[in-house]
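The next block is my_file-v2.cif, given as mmCIF, C-alpha atoms.
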data_coords
#
loop_
_atom_site.label_atom_id
_atom_site.label_comp_id
_atom_site.auth_asym_id
_atom_site.auth_seq_id
_atom_site.Cartn_x
_atom_site.Cartn_y
_atom_site.Cartn_z
CA MET A 711 13.34 -14.10 11.83
CA ARG A 712 16.91 -12.85 11.46
CA THR A 713 18.67 -11.91 14.67
CA VAL A 714 19.19 -8.17 15.02
CA SER A 715 22.09 -6.65 16.91
CA LYS A 716 21.54 -5.65 20.52
CA ASN A 717 22.44 -2.05 19.75
CA ALA A 718 19.89 -1.85 16.93
CA LEU A 719 17.17 -3.27 19.13
CA LEU A 720 17.97 -0.86 21.94
CA ALA A 721 18.04 2.11 19.59
CA GLY A 722 14.73 1.16 18.00
CA ALA A 723 13.09 0.50 21.34
CA ALA A 724 14.29 3.84 22.69
CA LEU A 725 12.83 5.71 19.73
CA ALA A 726 9.61 3.76 19.96
CA ALA A 727 9.24 4.46 23.65
CA LEU A 728 9.27 8.19 22.94
CA ALA A 729 6.35 7.99 20.50
CA VAL A 730 4.22 4.95 21.30
CA SER A 731 2.24 4.42 24.43
CA GLY A 732 0.67 1.02 24.95
CA PRO A 733 0.16 -1.91 27.26
CA GLY A 734 3.85 -1.99 28.18
CA ALA A 735 6.78 -4.12 27.16
CA ALA A 736 6.44 -6.44 30.14
CA ALA A 737 3.50 -8.40 28.69
CA GLN A 738 4.40 -9.45 25.16
CA GLU A 739 1.19 -10.35 23.35
CA LYS A 740 1.61 -12.49 20.25
CA VAL A 741 0.15 -10.87 17.16
CA THR A 742 0.16 -12.07 13.57
CA PHE A 743 0.14 -9.71 10.59
CA GLY A 744 -0.63 -11.11 7.15
CA THR A 745 0.69 -9.28 4.09
CA ASN A 746 -0.91 -9.42 0.66
CA TRP A 747 2.12 -10.61 -1.30
CA LEU A 748 5.66 -11.91 -1.00
CA ALA A 749 8.06 -9.87 1.13
CA GLN A 750 9.21 -6.67 -0.55
CA ALA A 751 10.14 -3.08 0.17
CA GLU A 752 6.45 -2.15 0.03
CA HIS A 753 6.17 -4.07 3.33
CA GLY A 754 9.29 -2.48 4.76
CA GLY A 755 7.78 -0.47 7.59
CA TYR A 756 6.34 -3.56 9.24
CA TYR A 757 9.59 -5.48 8.97
CA GLN A 758 11.39 -2.43 10.36
CA ALA A 759 9.12 -2.32 13.40
CA VAL A 760 9.89 -5.98 14.09
CA ALA A 761 13.62 -5.64 13.44
CA ASP A 762 14.27 -2.62 15.64
CA GLY A 763 11.98 -3.59 18.51
CA THR A 764 9.31 -0.94 17.97
CA TYR A 765 6.38 -3.32 18.31
CA ALA A 766 8.03 -5.02 21.28
CA ALA A 767 8.46 -1.67 23.03
CA CYS A 768 4.69 -1.30 23.35
CA GLY A 769 4.00 -4.91 24.19
CA LEU A 770 3.58 -6.88 20.97
CA ASP A 771 5.43 -9.93 19.68
CA VAL A 772 4.59 -9.55 15.97
CA SER A 773 4.99 -12.30 13.40
CA ILE A 774 4.69 -11.39 9.71
CA VAL A 775 3.02 -13.98 7.47
CA SER A 776 3.73 -13.37 3.80
CA GLY A 777 0.99 -13.54 1.23
CA GLY A 778 1.46 -14.86 -2.28
CA PRO A 779 -0.27 -16.65 -5.14
CA GLN A 780 -1.17 -19.70 -3.02
CA VAL A 781 -1.92 -17.88 0.24
CA ASN A 782 -5.24 -16.37 1.32
CA ASN A 783 -4.45 -14.31 4.39
CA ARG A 784 -7.84 -12.61 4.21
CA ALA A 785 -9.55 -15.94 4.80
CA LEU A 786 -7.17 -16.61 7.68
CA MET A 787 -8.15 -13.34 9.34
CA LEU A 788 -11.83 -14.12 8.95
CA ALA A 789 -11.15 -17.50 10.55
CA GLY A 790 -9.36 -15.88 13.49
CA LYS A 791 -5.94 -17.26 12.51
CA ILE A 792 -4.28 -13.86 12.05
CA ASP A 793 -4.93 -10.55 13.81
CA PHE A 794 -4.19 -7.90 11.20
CA LEU A 795 -4.18 -7.92 7.41
CA MET A 796 -2.53 -5.73 4.83
CA GLY A 797 -5.32 -4.64 2.53
CA GLY A 798 -4.92 -3.38 -1.01
CA ASN A 799 -7.12 -0.29 -1.22
CA MET A 800 -10.45 0.80 0.19
CA LEU A 801 -12.48 -1.14 -2.37
CA GLN A 802 -11.76 -4.34 -0.45
CA ALA A 803 -13.26 -2.83 2.70
CA PHE A 804 -16.26 -1.57 0.72
CA TYR A 805 -16.88 -5.03 -0.72
CA ALA A 806 -16.59 -6.62 2.72
CA GLN A 807 -19.14 -4.19 4.16
CA ARG A 808 -21.49 -4.89 1.26
CA GLU A 809 -21.31 -8.60 2.12
CA GLY A 810 -21.85 -7.99 5.82
CA ILE A 811 -18.28 -8.97 6.80
CA PRO A 812 -17.20 -6.92 9.86
CA ILE A 813 -13.76 -5.81 8.65
CA VAL A 814 -12.51 -2.39 9.75
CA VAL A 815 -9.63 -0.37 8.31
CA VAL A 816 -7.63 1.07 11.21
CA ALA A 817 -4.81 2.79 9.29
CA ALA A 818 -3.77 3.64 5.73
CA ASP A 819 -0.02 3.27 5.43
CA PHE A 820 0.02 4.28 1.75
CA GLN A 821 -1.49 7.70 1.14
CA LYS A 822 -1.49 6.97 -2.58
CA GLU A 823 -2.48 3.91 -4.55
CA PRO A 824 0.79 2.89 -6.26
CA GLN A 825 -1.02 1.86 -9.47
CA VAL A 826 0.45 3.40 -12.61
CA ILE A 827 0.08 3.37 -16.35
CA ILE A 828 3.48 3.24 -18.02
CA THR A 829 4.21 4.18 -21.63
CA HIS A 830 7.21 4.36 -23.91
CA PRO A 831 9.22 7.54 -23.29
CA GLY A 832 7.92 10.67 -25.00
CA LYS A 833 5.00 8.93 -26.71
CA TYR A 834 2.19 10.62 -24.79
CA GLU A 835 2.41 14.10 -23.34
CA SER A 836 -0.22 13.66 -20.62
CA PHE A 837 -2.46 11.17 -18.85
CA GLU A 838 -5.45 12.70 -20.62
CA SER A 839 -3.88 12.09 -24.02
CA LEU A 840 -3.94 8.33 -23.39
CA ALA A 841 -7.74 8.26 -23.39
CA GLY A 842 -9.08 6.69 -26.56
CA ALA A 843 -5.62 6.58 -28.10
CA ALA A 844 -3.19 4.10 -26.57
CA PRO A 845 -3.85 0.36 -26.50
CA LEU A 846 -3.72 -0.34 -22.77
CA LEU A 847 -2.71 -3.64 -21.20
CA ILE A 848 -4.99 -3.90 -18.15
CA GLY A 849 -5.71 -7.01 -16.06
CA ASP A 850 -9.20 -8.18 -15.14
CA ASN A 851 -9.08 -6.80 -11.59
CA GLY A 852 -7.89 -3.44 -12.81
CA PHE A 853 -10.53 -3.35 -15.53
CA ALA A 854 -13.26 -3.93 -12.93
CA SER A 855 -11.98 -1.21 -10.59
CA TYR A 856 -9.72 1.70 -11.44
CA TYR A 857 -10.24 1.38 -15.20
CA GLN A 858 -13.97 1.96 -14.72
CA TRP A 859 -13.01 5.19 -12.96
CA MET A 860 -10.71 6.08 -15.87
CA ILE A 861 -13.67 5.58 -18.22
CA SER A 862 -15.96 7.68 -16.01
CA GLU A 863 -13.54 10.53 -15.29
CA TYR A 864 -11.35 10.78 -18.38
CA GLY A 865 -13.14 9.10 -21.27
CA PHE A 866 -10.99 6.00 -21.62
CA THR A 867 -12.76 3.31 -23.62
CA VAL A 868 -13.47 -0.38 -23.30
CA GLU A 869 -12.18 -0.87 -26.84
CA GLN A 870 -8.67 0.35 -26.11
CA ARG A 871 -8.19 -2.10 -23.27
CA ARG A 872 -6.18 -5.27 -23.93
CA PRO A 873 -5.85 -8.16 -21.45
CA TYR A 874 -2.69 -8.03 -19.36
CA THR A 875 -1.06 -11.33 -18.44
CA PHE A 876 1.71 -9.86 -16.24
CA ASN A 877 4.20 -10.38 -19.05
CA PRO A 878 5.89 -7.16 -20.23
CA ALA A 879 6.78 -8.55 -23.68
CA PRO A 880 3.68 -7.18 -25.50
CA PHE A 881 4.29 -3.74 -24.03
CA LEU A 882 7.97 -3.77 -24.95
CA ALA A 883 7.11 -4.83 -28.50
CA ASP A 884 4.53 -2.06 -29.11
CA PRO A 885 5.80 1.53 -28.77
CA THR A 886 2.22 2.86 -28.82
CA ALA A 887 1.04 0.71 -25.89
CA GLY A 888 0.51 1.51 -22.25
CA GLN A 889 0.58 -1.02 -19.43
CA GLN A 890 -0.63 -1.20 -15.86
CA GLY A 891 1.86 -1.65 -13.06
CA TYR A 892 2.98 -0.53 -9.62
CA VAL A 893 5.29 2.46 -9.50
CA THR A 894 7.65 0.43 -7.30
CA SER A 895 7.87 -2.61 -9.57
CA GLU A 896 7.00 -2.65 -13.29
CA PRO A 897 9.10 0.40 -14.24
CA TYR A 898 12.11 -1.40 -12.78
CA ALA A 899 11.36 -4.51 -14.84
CA VAL A 900 11.02 -2.44 -18.01
CA GLU A 901 14.31 -0.68 -17.34
CA ARG A 902 16.04 -4.04 -16.97
CA GLU A 903 14.37 -5.92 -19.79
CA GLY A 904 13.66 -3.11 -22.24
CA GLY A 905 16.69 -0.95 -21.63
CA PHE A 906 14.71 2.29 -21.26
CA LYS A 907 12.95 4.28 -18.57
CA PRO A 908 9.20 4.38 -19.21
CA ASP A 909 7.04 7.41 -18.65
CA ILE A 910 5.01 6.95 -15.48
CA PHE A 911 1.46 8.15 -14.84
CA LEU A 912 0.48 7.55 -11.20
CA ILE A 913 -3.31 7.38 -11.22
CA ALA A 914 -3.50 8.72 -7.65
CA ASP A 915 -2.09 12.00 -8.94
CA TYR A 916 -5.02 12.26 -11.36
CA GLY A 917 -7.76 11.77 -8.80
CA PHE A 918 -7.93 8.08 -7.91
CA SER A 919 -8.14 9.05 -4.27
CA THR A 920 -8.20 5.76 -2.41
CA TYR A 921 -5.84 4.97 0.42
CA ALA A 922 -3.76 1.84 -0.06
CA THR A 923 -1.78 -0.70 1.94
CA THR A 924 -4.44 -0.41 4.58
CA VAL A 925 -4.28 -2.16 7.94
CA GLU A 926 -7.45 -4.20 8.39
CA THR A 927 -8.75 -6.10 11.37
CA MET A 928 -12.04 -7.49 12.61
CA ALA A 929 -14.56 -5.24 14.36
CA ASP A 930 -14.30 -7.46 17.46
CA THR A 931 -10.58 -6.75 17.65
CA VAL A 932 -11.21 -3.00 17.56
CA ALA A 933 -13.86 -3.30 20.28
CA ASN A 934 -12.09 -5.73 22.59
CA ARG A 935 -8.34 -5.26 22.00
CA SER A 936 -8.02 -1.54 21.41
CA GLU A 937 -4.59 -1.30 23.08
CA VAL A 938 -3.25 -3.98 20.74
CA VAL A 939 -4.63 -2.09 17.73
CA LYS A 940 -3.14 1.16 19.01
CA CYS A 941 0.28 -0.42 19.48
CA PHE A 942 0.26 -2.04 16.05
CA VAL A 943 -0.92 1.09 14.21
CA GLU A 944 1.47 3.45 15.99
CA GLY A 945 4.34 0.97 15.86
CA SER A 946 3.81 0.61 12.11
CA ALA A 947 3.88 4.39 11.66
CA ILE A 948 7.22 4.55 13.46
CA GLY A 949 8.45 1.53 11.53
CA TRP A 950 7.66 3.22 8.23
CA THR A 951 9.31 6.46 9.35
CA ASN A 952 12.50 4.61 10.30
CA TYR A 953 12.39 2.49 7.15
CA LEU A 954 12.12 5.46 4.80
CA TYR A 955 14.44 7.89 6.58
CA GLY A 956 16.67 5.85 8.88
CA ASP A 957 18.81 2.72 8.80
CA ASN A 958 16.69 0.05 7.09
CA SER A 959 19.39 -2.58 6.63
CA ALA A 960 18.05 -5.04 9.22
CA ALA A 961 14.53 -4.83 7.77
CA ASN A 962 15.85 -5.42 4.26
CA GLU A 963 17.78 -8.47 5.43
CA MET A 964 14.55 -9.87 6.85
CA ILE A 965 12.70 -9.15 3.60
CA ILE A 966 15.31 -10.99 1.54
CA LYS A 967 15.32 -13.87 4.01
CA ASP A 968 11.53 -14.23 3.66
CA ASN A 969 11.71 -13.76 -0.13
CA PRO A 970 15.10 -14.92 -1.44
CA GLU A 971 14.18 -13.89 -5.00
CA MET A 972 14.06 -10.25 -3.92
CA SER A 973 17.20 -8.30 -4.78
CA ALA A 974 18.84 -5.41 -3.00
CA GLU A 975 18.60 -3.44 -6.26
CA GLN A 976 14.85 -3.93 -6.50
CA ILE A 977 14.43 -2.90 -2.86
CA ALA A 978 16.45 0.26 -3.42
CA PHE A 979 14.41 1.13 -6.52
CA SER A 980 11.14 0.61 -4.66
CA ILE A 981 12.17 2.78 -1.71
CA ASP A 982 13.28 5.52 -4.09
CA LYS A 983 9.93 5.48 -5.92
CA MET A 984 7.90 5.41 -2.70
CA LYS A 985 9.71 8.56 -1.61
CA GLU A 986 9.71 10.27 -5.02
CA PHE A 987 5.96 9.87 -5.51
CA GLY A 988 4.92 10.32 -1.87
CA ILE A 989 3.32 6.91 -1.69
CA VAL A 990 3.70 6.52 2.08
CA ASP A 991 4.46 10.00 3.33
CA SER A 992 2.76 12.99 1.72
CA GLY A 993 -0.14 15.35 2.22
CA ASP A 994 -1.89 14.72 5.53
CA THR A 995 0.89 12.51 6.90
CA GLU A 996 3.25 15.46 7.13
CA THR A 997 1.29 16.72 10.14
CA LEU A 998 -0.92 13.77 11.14
CA GLY A 999 1.67 10.99 10.84
CA ILE A 1000 1.98 7.97 8.57
CA GLY A 1001 -1.23 5.97 8.43
CA ALA A 1002 -3.41 9.10 8.37
CA MET A 1003 -6.99 8.97 7.12
CA THR A 1004 -9.77 11.55 6.86
CA ASP A 1005 -13.51 11.36 6.41
CA GLU A 1006 -13.23 13.71 3.45
CA ARG A 1007 -10.89 11.44 1.50
CA MET A 1008 -13.03 8.40 2.25
CA THR A 1009 -16.19 10.12 1.07
CA ASP A 1010 -14.50 11.46 -2.06
CA PHE A 1011 -13.27 8.05 -3.13
CA TYR A 1012 -16.56 6.33 -2.34
CA GLU A 1013 -18.53 8.85 -4.39
CA LYS A 1014 -16.16 8.40 -7.33
CA MET A 1015 -16.60 4.63 -7.19
CA VAL A 1016 -20.39 5.00 -7.10
CA LYS A 1017 -20.26 7.32 -10.11
CA ALA A 1018 -18.05 4.82 -11.97
CA GLY A 1019 -20.43 1.94 -11.18
CA VAL A 1020 -17.82 0.05 -9.18
CA ILE A 1021 -19.79 0.05 -5.91
CA GLU A 1022 -23.44 0.69 -5.09
CA GLU A 1023 -24.95 3.68 -3.32
CA GLY A 1024 -26.18 3.24 0.24
CA LEU A 1025 -23.09 1.65 1.76
CA ASP A 1026 -22.52 2.33 5.46
CA LEU A 1027 -19.21 4.02 4.73
CA LYS A 1028 -18.39 4.87 8.34
CA ALA A 1029 -18.53 1.16 9.23
CA THR A 1030 -15.60 0.39 6.91
CA TYR A 1031 -12.98 2.38 8.83
CA THR A 1032 -12.19 4.13 12.10
CA LEU A 1033 -10.07 7.20 12.84
CA GLU A 1034 -9.63 6.17 16.47
CA PHE A 1035 -6.01 5.07 16.11
CA VAL A 1036 -4.57 7.51 13.54
CA ASN A 1037 -4.00 11.23 12.98
CA LYS A 1038 -2.08 11.68 16.25
CA GLY A 1039 1.18 12.86 14.70
CA VAL A 1040 3.06 9.68 15.56
CA GLY A 1041 6.45 9.66 13.85
CA VAL A 1042 6.38 13.30 12.75
CA ASP A 1043 9.01 14.43 15.28
CA LEU A 1044 11.05 11.29 14.63
CA LYS A 1045 11.16 12.12 10.92
CA LYS A 1046 12.47 15.59 11.76
CA LYS A 1047 15.24 14.04 13.87
CA LEU A 1048 16.19 11.57 11.13
CA THR A 1049 16.13 14.04 8.27
CA GLY A 1050 17.16 17.21 10.06
CA ASN A 1051 14.11 19.01 8.64
#

Serialized structure, structure tokens:
Amino acid sequence: MRTVSKNALLAGAALAALAVSGPGAAAQEKVTFGTNWLAQAEHGGYYQAVADGTYAACGLDVSIVSGGPQVNNRALMLAGKIDFLMGGNMLQAFYAQREGIPIVVVAADFQKEPQVIITHPGKYESFESLAGAAPLLIGDNGFASYYQWMISEYGFTVEQRRPYTFNPAPFLADPTAGQQGYVTSEPYAVEREGGFKPDIFLIADYGFSTYATTVETMADTVANRSEVVKCFVEGSAIGWTNYLYGDNSAANEMIIKDNPEMSAEQIAFSIDKMKEFGIVDSGDTETLGIGAMTDERMTDFYEKMVKAGVIEEGLDLKATYTLEFVNKGVGVDLKKKLTGN
């Protein structure tokens, strides 16, 4: 990890000490956090909490292990090799519960799934107008999950779906097409390669109500290492608050060090879109703190997935997550100090 200045560490630790209570900085417990892809701004809050000493202030020595196409951090957590895992959305926790795997979501650091459908500018006036009309480039995973919800809720069709190979060329070549993507990524690629800003339809804003970038751990960890979980969850909330609203330069240096192909321009674009669309901080987080979850949101999303045929009825929903470590307002006062609001 890149060395951070003494002043930055002291400042971060001082802020953390105001908001996080934990086992104490004297006993540094080694903890490993596995992400679900290569280092990027979408992981920024965790890098921030390492860089400015927030995790250390409540007793954790956190190492971040990047995911990627050849890395299966989920398997490593199941094998006891890592302590916490960055999940995608709640469907992964539902599937684990269905298979009897004791994974528990302890925080939701994205309030909105960043999945979008992008189209050529001015072609479609609304998300609803895409249904049955636009040829849509959707990958297999998306087709099996959120696209089934789009069919159920809005009348999208199987016939209008085209396979997506993570190559924007077919989308750029067809002005009638739509394409899946993440709000923080694909629109940037289209701007660079296509020379235009696409229209963006964030599916979370149309009712796809899952949480995303969840923090997962094993049920045994929740039961036997609750202070470690508390420190990691609250430290991450402070890390995200500082990353979005404070000085994130040290965290971004760490991200680029771990992923040299990442550019400062891409990072800046991603941060801007996370803030513009309220991906991390919106709704409940404004009073409950980043990472917030509610029973109502969980139930709403689960019922939508049952209706869409994505998951079966009868799941023990409450076993997939816990509210024990969230909704305490961690980081809310810090945000006010950083933003002046």

In terms of all atoms listed in the file, the residue from A:Val816, A:Val939, A:Glu823, A:Gln890 at minimal distance from Gly849 in chain A is A:Gln890

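Considering all atoms listed in the file, the residue among A:Gly1024, A:Gly917, A:Gly1019, A:Gly999 positioned nearest to Val1042 in chain A is A:Gly999.
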
Output the residue selection produced by the PyMOL selection byres ((chain A and resi 793-800) around 7) on the file above, formatted as an NGL selection string. :A and (741-746 or 784 or 787 or 790-792 or 801-804 or 920-927)

Expand the PyMOL selection byres ((chain A and resi 808) around 9) into the individual residues it matches in the shown file, reporting them as a PyMOL selection string. chain A and resi 803-807+809-811+1021-1022+1025-1026

Go through A:Ala854, A:Leu846, A:Leu788, A:Gln750 and flag the residue nearest Ala974 in chain A, using all atoms listed in the file for the distances. A:Gln750

Would you list the contacts of Thr894 in chain A as number ranges by chain, taking every protein, DNA or RNA residue within 8 Å and counting all atoms listed in the file, but skipping same-chain residues closer than 5 positions in sequence? A: 752, 824, 979-981, 983-984

Write out as a PDB file with C-alpha atoms, in the frame of the given file the residues lying within 9 Å of Ile827 in chain A, counting all atoms listed in the file and excluding same-chain residues fewer than 3 positions away.
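Full text of around36.pdb as output:
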ATOM      1  CA  PHE A 837      -2.460  11.170 -18.850  1.00  0.00           C
ATOM      2  CA  LEU A 846      -3.720  -0.340 -22.770  1.00  0.00           C
ATOM      3  CA  LEU A 847      -2.710  -3.640 -21.200  1.00  0.00           C
ATOM      4  CA  GLY A 888       0.510   1.510 -22.250  1.00  0.00           C
ATOM      5  CA  GLN A 889       0.580  -1.020 -19.430  1.00  0.00           C
ATOM      6  CA  GLN A 890      -0.630  -1.200 -15.860  1.00  0.00           C
ATOM      7  CA  GLY A 891       1.860  -1.650 -13.060  1.00  0.00           C
ATOM      8  CA  TYR A 892       2.980  -0.530  -9.620  1.00  0.00           C
ATOM      9  CA  VAL A 893       5.290   2.460  -9.500  1.00  0.00           C
ATOM     10  CA  ASP A 909       7.040   7.410 -18.650  1.00  0.00           C
ATOM     11  CA  ILE A 910       5.010   6.950 -15.480  1.00  0.00           C
ATOM     12  CA  PHE A 911       1.460   8.150 -14.840  1.00  0.00           C
ATOM     13  CA  LEU A 912       0.480   7.550 -11.200  1.00  0.00           C
ATOM     14  CA  ILE A 913      -3.310   7.380 -11.220  1.00  0.00           C
TER      15      ILE A 913
END
